[in-house]
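> Sending over a structure as structure tokens; questions will come in a sec.
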Amino acid sequence: MKVQVKPQVGAGRPRLNPALKQFWQTPARTRVLYGGRAASKSWDAAGVAVLFACRSKAKILCTRQFQNRIEESVYTLIRNRIFEFGLRNQFIIHRERITHRLTGSEFVFYGLNRHIDEIKSMEGIDVCWIEEAHNLTKNQWEILNPTLRKQGSQFWLTFNPRLATDFVYQYFVLNTPPNTIKRKVNYSENPFVSRTILHEIAACRAVSEDDYRHIYLGEPRGDDENAVIKRAHIMAAIDAHKTLDIEPAGRHRIGFDVADCGADKCALVFAHGPLVSWADMWQAREDELLASTARVFNTARQRNAHVIYDSIGVGAGVGAMLRDLCDQRGFHVRYDKFNAGGSVFRPDAIYTAQTKNKDHFSNLKAQAWWLVADRLRNTYNAIHKGEAFDPDQLIFIDSAMPHLDRLIDELTMPLRDFDAAGRVKVESKQDLAKRNIASPNLADAFIMAFAPFKPPMVISDKVLDDLRWHMPRSRF
């Protein structure tokens, strides 16, 4: 969509963020603009909407989740942009709507929470702009999407991410549907950000790095209080090997999460010692399991890696397929199955406070997730508190690896749970689905890449021989 309007003589030149020019000009049914505050998202969307209304007749629905008064909408923002562009004489500013004198374009303002049925019956909408779209629900989207029936109609979603588990973040950012363009933008790309705001941003960062990254870099929060793995610990692990000047060493492993069905995807995560540096993800049906396994086999051969695969359900046949591929191609690839519901590793070893593994963890999946959480926490403490650990008590994540954003979000999604005996376990895929969260394929592959196994093991014998290998331990 190209928007070109000649401003009035003597008026201010219309200002839009040049960094977003391609975003607005790329054809798409749905435009998703997200990121931190002070990034010009709403400001730019309002400007484009004004110019769009000047070009030809259009009906622009401006909505948000809660709007009890017109002052709670983007009405004021659009009015201000009209004034800034010097286009006041072209528009009629009504009490609750705005119209263009020449084109007949109209801006209307509604709250989704109270008026979804009224919106459902609207005709002729050209643009539906959903501000603060992080509050949009799955049910509302299923009503809104077919409501825009006009040829060439568009959705614009602008928001600051809140939780990684929110429907909008899951559906539009992590699992972007077809004919959708998404763009993350932060204050660093806003040429109009004021010095006052820059000072506020610096002050926020000085007080809390986590708040800064959430508020101004648009990083969603996980459900940290109940999450098995905290986002701050993951963020500390990114390029931590460079910060700590540690050269990764150890076994090469590939965690392989097998797609179950439907929209589920296969995922691979590669680790060398404590460093995760590569990932892959692809759509595959159950009848394509052999092709997926061959893909894993080739990757393991190229990277000289040990494969740890999900052996539950569809993945039960992966071991046999890998064995056949080894025989057919005359090349041995080491592989082991990971049974998430299986018994814990070294059940009689002490985990913490004289509690044995078998008394603390419900199953192998819980143990694997908790041990990864422990190592990531150690990495955080090494980076931010200067504590010393052996490299095999840490985890590093390469900032250049594919699918990094998705991996970070998926690792923070599962919540801790407990079985009838009071032992910890990880939220099941079925429970995640109840929260409208897709299966965390990359995260599961990541966990498998660090899962404990009998010798030869993924984790060094030296560490496994220490009954408290997972706990913070000084080198001195």
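By convention here, the chains of the structure tokens are called A, B, ... in the order presented, each chain's residues are numbered starting at 1, and ligands are numbered starting at 1 in the order presented.
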For the helix (DSSP H, G or I) assignment from backbone DSSP, which residues of range 145-373 of chain A qualify? Please present them as number ranges by chain.
A: 145-147, 167-174, 187-189, 195-207, 209-215, 231-237, 240-243, 286-303, 313-329, 357-360, 364-373
> Hey, can you spit out that residue selection with C-alpha atoms as a CSV table (one decimal), in the first residue's frame?

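So part00.csv came out as:
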```csv
chain,number,residue,atom,x,y,z
A,145,ASN,CA,-11.2,-12.0,10.9
A,146,PRO,CA,-14.2,-13.0,8.8
A,147,THR,CA,-15.9,-9.6,9.5
A,167,PHE,CA,-2.7,-15.4,22.2
A,168,VAL,CA,-1.6,-12.5,20.0
A,169,TYR,CA,2.1,-13.1,20.6
A,170,GLN,CA,1.7,-16.8,20.1
A,171,TYR,CA,-0.5,-16.6,17.0
A,172,PHE,CA,1.0,-13.6,15.1
A,173,VAL,CA,4.6,-13.5,16.2
A,174,LEU,CA,5.6,-17.1,16.9
A,187,TYR,CA,13.1,3.2,20.3
A,188,SER,CA,16.5,2.7,18.7
A,189,GLU,CA,14.8,2.9,15.3
A,195,ARG,CA,16.1,13.3,24.8
A,196,THR,CA,13.7,13.3,27.8
A,197,ILE,CA,12.5,9.8,26.9
A,198,LEU,CA,16.1,8.6,26.3
A,199,HIS,CA,17.0,9.7,29.8
A,200,GLU,CA,14.0,7.8,31.2
A,201,ILE,CA,15.0,4.7,29.3
A,202,ALA,CA,18.6,4.9,30.7
A,203,ALA,CA,17.2,5.4,34.2
A,204,CYS,CA,15.0,2.3,33.8
A,205,ARG,CA,17.9,0.2,32.6
A,206,ALA,CA,20.1,1.4,35.5
A,207,VAL,CA,17.4,0.2,38.0
A,209,GLU,CA,17.7,-4.7,33.2
A,210,ASP,CA,14.7,-7.1,33.1
A,211,ASP,CA,12.2,-4.2,33.2
A,212,TYR,CA,14.2,-2.3,30.5
A,213,ARG,CA,14.2,-5.3,28.2
A,214,HIS,CA,10.4,-5.8,28.7
A,215,ILE,CA,9.3,-2.2,28.6
A,231,ARG,CA,13.5,-15.5,31.1
A,232,ALA,CA,16.2,-13.5,32.8
A,233,HIS,CA,18.3,-16.6,33.2
A,234,ILE,CA,18.0,-17.4,29.5
A,235,MET,CA,18.9,-13.9,28.5
A,236,ALA,CA,22.1,-14.1,30.6
A,237,ALA,CA,23.1,-17.2,28.8
A,240,ALA,CA,27.8,-15.9,28.0
A,241,HIS,CA,30.8,-18.0,26.8
A,242,LYS,CA,32.2,-14.9,25.2
A,243,THR,CA,31.5,-12.8,28.3
A,286,GLU,CA,3.4,-38.6,10.6
A,287,ASP,CA,3.8,-40.4,7.2
A,288,GLU,CA,6.9,-38.3,6.6
A,289,LEU,CA,8.8,-39.6,9.6
A,290,LEU,CA,11.4,-41.5,7.6
A,291,ALA,CA,12.2,-38.3,5.6
A,292,SER,CA,12.5,-36.4,8.9
A,293,THR,CA,14.7,-39.1,10.4
A,294,ALA,CA,17.0,-39.0,7.4
A,295,ARG,CA,17.3,-35.3,7.8
A,296,VAL,CA,18.3,-35.8,11.4
A,297,PHE,CA,20.7,-38.6,10.4
A,298,ASN,CA,22.4,-36.3,7.8
A,299,THR,CA,22.7,-33.5,10.3
A,300,ALA,CA,24.2,-35.7,13.0
A,301,ARG,CA,26.7,-37.1,10.5
A,302,GLN,CA,27.7,-33.6,9.4
A,303,ARG,CA,28.1,-32.4,13.0
A,313,GLY,CA,4.1,-41.6,20.3
A,314,VAL,CA,5.2,-41.0,16.8
A,315,GLY,CA,8.9,-40.9,17.7
A,316,ALA,CA,8.8,-44.6,18.9
A,317,GLY,CA,10.0,-45.7,15.5
A,318,VAL,CA,12.9,-43.2,15.1
A,319,GLY,CA,15.5,-45.5,16.7
A,320,ALA,CA,14.8,-48.3,14.3
A,321,MET,CA,14.9,-45.9,11.3
A,322,LEU,CA,18.3,-44.5,12.5
A,323,ARG,CA,19.6,-48.0,12.8
A,324,ASP,CA,18.5,-48.9,9.3
A,325,LEU,CA,20.1,-45.7,7.9
A,326,CYS,CA,23.4,-46.5,9.7
A,327,ASP,CA,23.4,-49.9,8.0
A,328,GLN,CA,22.4,-48.6,4.6
A,329,ARG,CA,24.9,-45.8,4.5
A,357,ASN,CA,16.2,-37.6,42.7
A,358,LYS,CA,13.4,-40.1,42.9
A,359,ASP,CA,11.7,-38.2,45.7
A,360,HIS,CA,12.0,-34.8,44.1
A,364,LEU,CA,12.7,-37.9,33.6
A,365,LYS,CA,11.1,-34.9,31.8
A,366,ALA,CA,10.8,-33.0,35.1
A,367,GLN,CA,14.4,-33.9,36.0
A,368,ALA,CA,15.8,-32.8,32.6
A,369,TRP,CA,13.9,-29.4,32.7
A,370,TRP,CA,15.0,-28.7,36.3
A,371,LEU,CA,18.7,-29.5,35.6
A,372,VAL,CA,18.6,-27.2,32.6
A,373,ALA,CA,17.0,-24.5,34.8
```
> Among range 119-174 of chain A, which ones does DSSP assign to strand (DSSP E or B) (computed from the backbone)? Answer as a list of chain:residue names.
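Filtering range 119-174 of chain A to strand (DSSP E or B) leaves A:Val127, A:Cys128, A:Trp129, A:Ile130, A:Glu131, A:Gln154, A:Phe155, A:Trp156, A:Leu157, A:Thr158, A:Phe159, A:Leu163.
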> How would the residues just picked look written out with N, CA and C atoms as a short mmCIF file (atom, residue, chain, number, x, y, z; two decimals), in the first residue's frame?

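The result, written out as result_30.cif:
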```
data_model
loop_
_atom_site.label_atom_id
_atom_site.label_comp_id
_atom_site.auth_asym_id
_atom_site.auth_seq_id
_atom_site.Cartn_x
_atom_site.Cartn_y
_atom_site.Cartn_z
N VAL A 127 -10.03 -0.88 6.88
CA VAL A 127 -8.93 -1.12 7.82
C VAL A 127 -9.50 -1.29 9.21
N CYS A 128 -9.08 -2.34 9.87
CA CYS A 128 -9.40 -2.51 11.29
C CYS A 128 -8.08 -2.42 12.06
N TRP A 129 -7.91 -1.31 12.75
CA TRP A 129 -6.69 -1.09 13.53
C TRP A 129 -6.98 -1.47 14.98
N ILE A 130 -6.27 -2.48 15.48
CA ILE A 130 -6.42 -2.93 16.86
C ILE A 130 -5.22 -2.43 17.66
N GLU A 131 -5.45 -1.42 18.46
CA GLU A 131 -4.40 -0.85 19.31
C GLU A 131 -4.34 -1.65 20.62
N GLN A 154 -7.82 -4.76 5.44
CA GLN A 154 -6.62 -5.08 6.20
C GLN A 154 -6.87 -4.99 7.70
N PHE A 155 -6.08 -5.76 8.46
CA PHE A 155 -5.97 -5.61 9.90
C PHE A 155 -4.62 -5.00 10.22
N TRP A 156 -4.61 -4.06 11.15
CA TRP A 156 -3.37 -3.53 11.70
C TRP A 156 -3.37 -3.83 13.19
N LEU A 157 -2.36 -4.51 13.66
CA LEU A 157 -2.23 -4.81 15.08
C LEU A 157 -0.98 -4.13 15.62
N THR A 158 -1.14 -3.28 16.60
CA THR A 158 0.00 -2.63 17.24
C THR A 158 -0.04 -2.95 18.74
N PHE A 159 1.12 -3.31 19.29
CA PHE A 159 1.13 -3.65 20.71
C PHE A 159 2.55 -3.77 21.27
N LEU A 163 2.93 -10.97 27.81
CA LEU A 163 3.40 -12.30 28.18
C LEU A 163 3.65 -13.13 26.93
#
```
> Could you check the closest approach to Met281 in chain A for each of A:Pro161, A:Gly330, A:Pro440, A:Gly152 and tell me which residue wins, using only C-alpha atoms?
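The closest residue to Met281 in chain A is A:Pro440.
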> Hey, what's within 12 Å of Arg97 in chain A if we count only C-alpha atoms and toss same-chain stuff fewer than 2 positions away? As a JSON list (two decimals) with N, CA and C atoms, in the first residue's frame, please?

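Listed below is the output, around00.json:
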```
[["chain", "number", "residue", "atom", "x", "y", "z"],
["A", 59, "LYS", "N", -13.31, 3.26, 5.16],
["A", 59, "LYS", "CA", -13.89, 3.16, 6.50],
["A", 59, "LYS", "C", -12.84, 2.50, 7.39],
["A", 60, "ILE", "N", -12.39, 3.24, 8.39],
["A", 60, "ILE", "CA", -11.30, 2.78, 9.26],
["A", 60, "ILE", "C", -11.85, 2.58, 10.66],
["A", 61, "LEU", "N", -11.88, 1.33, 11.07],
["A", 61, "LEU", "CA", -12.34, 0.97, 12.41],
["A", 61, "LEU", "C", -11.15, 0.95, 13.36],
["A", 62, "CYS", "N", -11.18, 1.80, 14.36],
["A", 62, "CYS", "CA", -10.12, 1.87, 15.36],
["A", 62, "CYS", "C", -10.66, 1.25, 16.65],
["A", 70, "ILE", "N", -14.52, 7.92, 24.59],
["A", 70, "ILE", "CA", -13.77, 8.20, 23.36],
["A", 70, "ILE", "C", -12.33, 8.58, 23.68],
["A", 71, "GLU", "N", -12.11, 9.17, 24.87],
["A", 71, "GLU", "CA", -10.77, 9.57, 25.26],
["A", 71, "GLU", "C", -9.84, 8.38, 25.45],
["A", 73, "SER", "N", -9.65, 5.91, 23.39],
["A", 73, "SER", "CA", -9.34, 5.36, 22.07],
["A", 73, "SER", "C", -8.15, 6.12, 21.46],
["A", 74, "VAL", "N", -7.86, 5.82, 20.18],
["A", 74, "VAL", "CA", -6.79, 6.53, 19.47],
["A", 74, "VAL", "C", -7.35, 7.78, 18.78],
["A", 75, "TYR", "N", -8.56, 8.16, 19.13],
["A", 75, "TYR", "CA", -9.20, 9.35, 18.57],
["A", 75, "TYR", "C", -8.29, 10.57, 18.68],
["A", 76, "THR", "N", -7.77, 10.84, 19.86],
["A", 76, "THR", "CA", -6.93, 12.02, 20.08],
["A", 76, "THR", "C", -5.64, 11.93, 19.27],
["A", 78, "ILE", "N", -5.15, 10.37, 16.38],
["A", 78, "ILE", "CA", -5.46, 10.62, 14.97],
["A", 78, "ILE", "C", -5.73, 12.12, 14.75],
["A", 79, "ARG", "N", -6.48, 12.73, 15.64],
["A", 79, "ARG", "CA", -6.74, 14.16, 15.52],
["A", 79, "ARG", "C", -5.44, 14.96, 15.55],
["A", 91, "PHE", "N", -10.64, 17.68, 7.19],
["A", 91, "PHE", "CA", -11.38, 16.75, 8.04],
["A", 91, "PHE", "C", -12.43, 17.46, 8.89],
["A", 92, "ILE", "N", -13.48, 16.73, 9.20],
["A", 92, "ILE", "CA", -14.48, 17.19, 10.16],
["A", 92, "ILE", "C", -14.29, 16.37, 11.44],
["A", 93, "ILE", "N", -13.94, 17.04, 12.51],
["A", 93, "ILE", "CA", -13.69, 16.36, 13.78],
["A", 93, "ILE", "C", -14.99, 16.31, 14.58],
["A", 94, "HIS", "N", -15.71, 15.23, 14.49],
["A", 94, "HIS", "CA", -16.95, 15.06, 15.25],
["A", 94, "HIS", "C", -16.62, 14.67, 16.69],
["A", 95, "ARG", "N", -17.64, 14.57, 17.49],
["A", 95, "ARG", "CA", -17.44, 14.23, 18.90],
["A", 95, "ARG", "C", -16.90, 12.80, 19.08],
["A", 99, "THR", "N", -14.34, 12.44, 9.94],
["A", 99, "THR", "CA", -14.61, 12.18, 8.53],
["A", 99, "THR", "C", -13.80, 13.13, 7.66],
["A", 100, "HIS", "N", -13.55, 12.71, 6.42],
["A", 100, "HIS", "CA", -12.81, 13.52, 5.46],
["A", 100, "HIS", "C", -13.81, 14.20, 4.53],
["A", 105, "SER", "N", -14.01, 9.49, 3.64],
["A", 105, "SER", "CA", -13.45, 8.51, 4.59],
["A", 105, "SER", "C", -13.95, 8.77, 5.99],
["A", 106, "GLU", "N", -14.02, 7.69, 6.78],
["A", 106, "GLU", "CA", -14.58, 7.81, 8.11],
["A", 106, "GLU", "C", -13.75, 6.98, 9.10],
["A", 107, "PHE", "N", -13.43, 7.59, 10.25],
["A", 107, "PHE", "CA", -12.83, 6.89, 11.37],
["A", 107, "PHE", "C", -13.93, 6.64, 12.41],
["A", 108, "VAL", "N", -14.07, 5.37, 12.84],
["A", 108, "VAL", "CA", -15.02, 5.06, 13.91],
["A", 108, "VAL", "C", -14.26, 4.33, 15.02],
["A", 109, "PHE", "N", -14.74, 4.43, 16.26],
["A", 109, "PHE", "CA", -14.00, 3.97, 17.42],
["A", 109, "PHE", "C", -14.89, 3.08, 18.31],
["A", 110, "TYR", "N", -14.42, 1.86, 18.57],
["A", 110, "TYR", "CA", -15.19, 0.92, 19.38],
["A", 110, "TYR", "C", -14.27, 0.14, 20.32]]
```
> Just the number, please: distance in Å from CA of Ala58 in chain A to CA of Ile82 in chain A, one decimal.
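Between CA of Ala58 in chain A and CA of Ile82 in chain A the gap works out to 15.9 Å.
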> What separation in Å, quoted to one decimal, exists between CA of Val269 in chain A and CA of Ala449 in chain A?
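Between CA of Val269 in chain A and CA of Ala449 in chain A the gap works out to 6.8 Å.
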> Using Å and a single decimal, report how far CA of Lys434 in chain A sits from CA of Ile308 in chain A.
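Going from CA of Ile308 in chain A over to CA of Lys434 in chain A, I get 28.1 Å.
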> With only C-alpha atoms as the basis for distance, which of A:Leu102, A:Tyr380, A:Ile447, A:Ser42 is at the shortest distance from Arg253 in chain A?
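That would be A:Ile447, the residue with the smallest distance to Arg253 in chain A.
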> Counting only C-alpha atoms, which of A:Asn135, A:Asn175, A:Asn226, A:Thr103 gets nearest to Asp405 in chain A?
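Among the listed residues, the smallest separation from Asp405 in chain A belongs to A:Asn175.
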> Would you mind listing what lies within 10 Å of Pro274 in chain A as a list in words, with only C-alpha atoms counted and same-chain residues fewer than 5 positions away left out?
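After dropping sequence-adjacent residues, the list is His241, Ile246, Glu247, Pro248, Ala249, Gly250, Arg251, His252, Arg375, Pro391, Asp392, Gln393, Leu394, Ile395, Phe396, Ile397, Ala449, Phe450, Val458 and Ile459 of chain A.
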> So that I have them on file, write out the residues from the current selection with C-alpha atoms, as an mmCIF file, in the first residue's frame.

```
data_model
loop_
_atom_site.group_PDB
_atom_site.id
_atom_site.type_symbol
_atom_site.label_atom_id
_atom_site.label_comp_id
_atom_site.auth_asym_id
_atom_site.auth_seq_id
_atom_site.Cartn_x
_atom_site.Cartn_y
_atom_site.Cartn_z
ATOM 1 C CA HIS A 241 30.755 -18.019 26.753
ATOM 2 C CA ILE A 246 35.161 -19.894 28.013
ATOM 3 C CA GLU A 247 35.929 -22.021 24.961
ATOM 4 C CA PRO A 248 33.174 -24.664 24.590
ATOM 5 C CA ALA A 249 34.368 -28.257 24.809
ATOM 6 C CA GLY A 250 32.672 -31.604 25.180
ATOM 7 C CA ARG A 251 30.279 -33.857 23.323
ATOM 8 C CA HIS A 252 28.271 -32.850 20.272
ATOM 9 C CA ARG A 375 22.462 -24.575 34.808
ATOM 10 C CA PRO A 391 31.690 -24.965 32.316
ATOM 11 C CA ASP A 392 29.616 -28.144 32.495
ATOM 12 C CA GLN A 393 27.506 -26.520 35.202
ATOM 13 C CA LEU A 394 26.575 -23.725 32.777
ATOM 14 C CA ILE A 395 24.689 -23.285 29.510
ATOM 15 C CA PHE A 396 25.582 -20.820 26.749
ATOM 16 C CA ILE A 397 23.412 -19.792 23.791
ATOM 17 C CA ALA A 449 20.211 -31.960 24.130
ATOM 18 C CA PHE A 450 21.103 -31.600 27.832
ATOM 19 C CA VAL A 458 25.964 -35.989 27.447
ATOM 20 C CA ILE A 459 27.202 -34.444 30.695
#
```
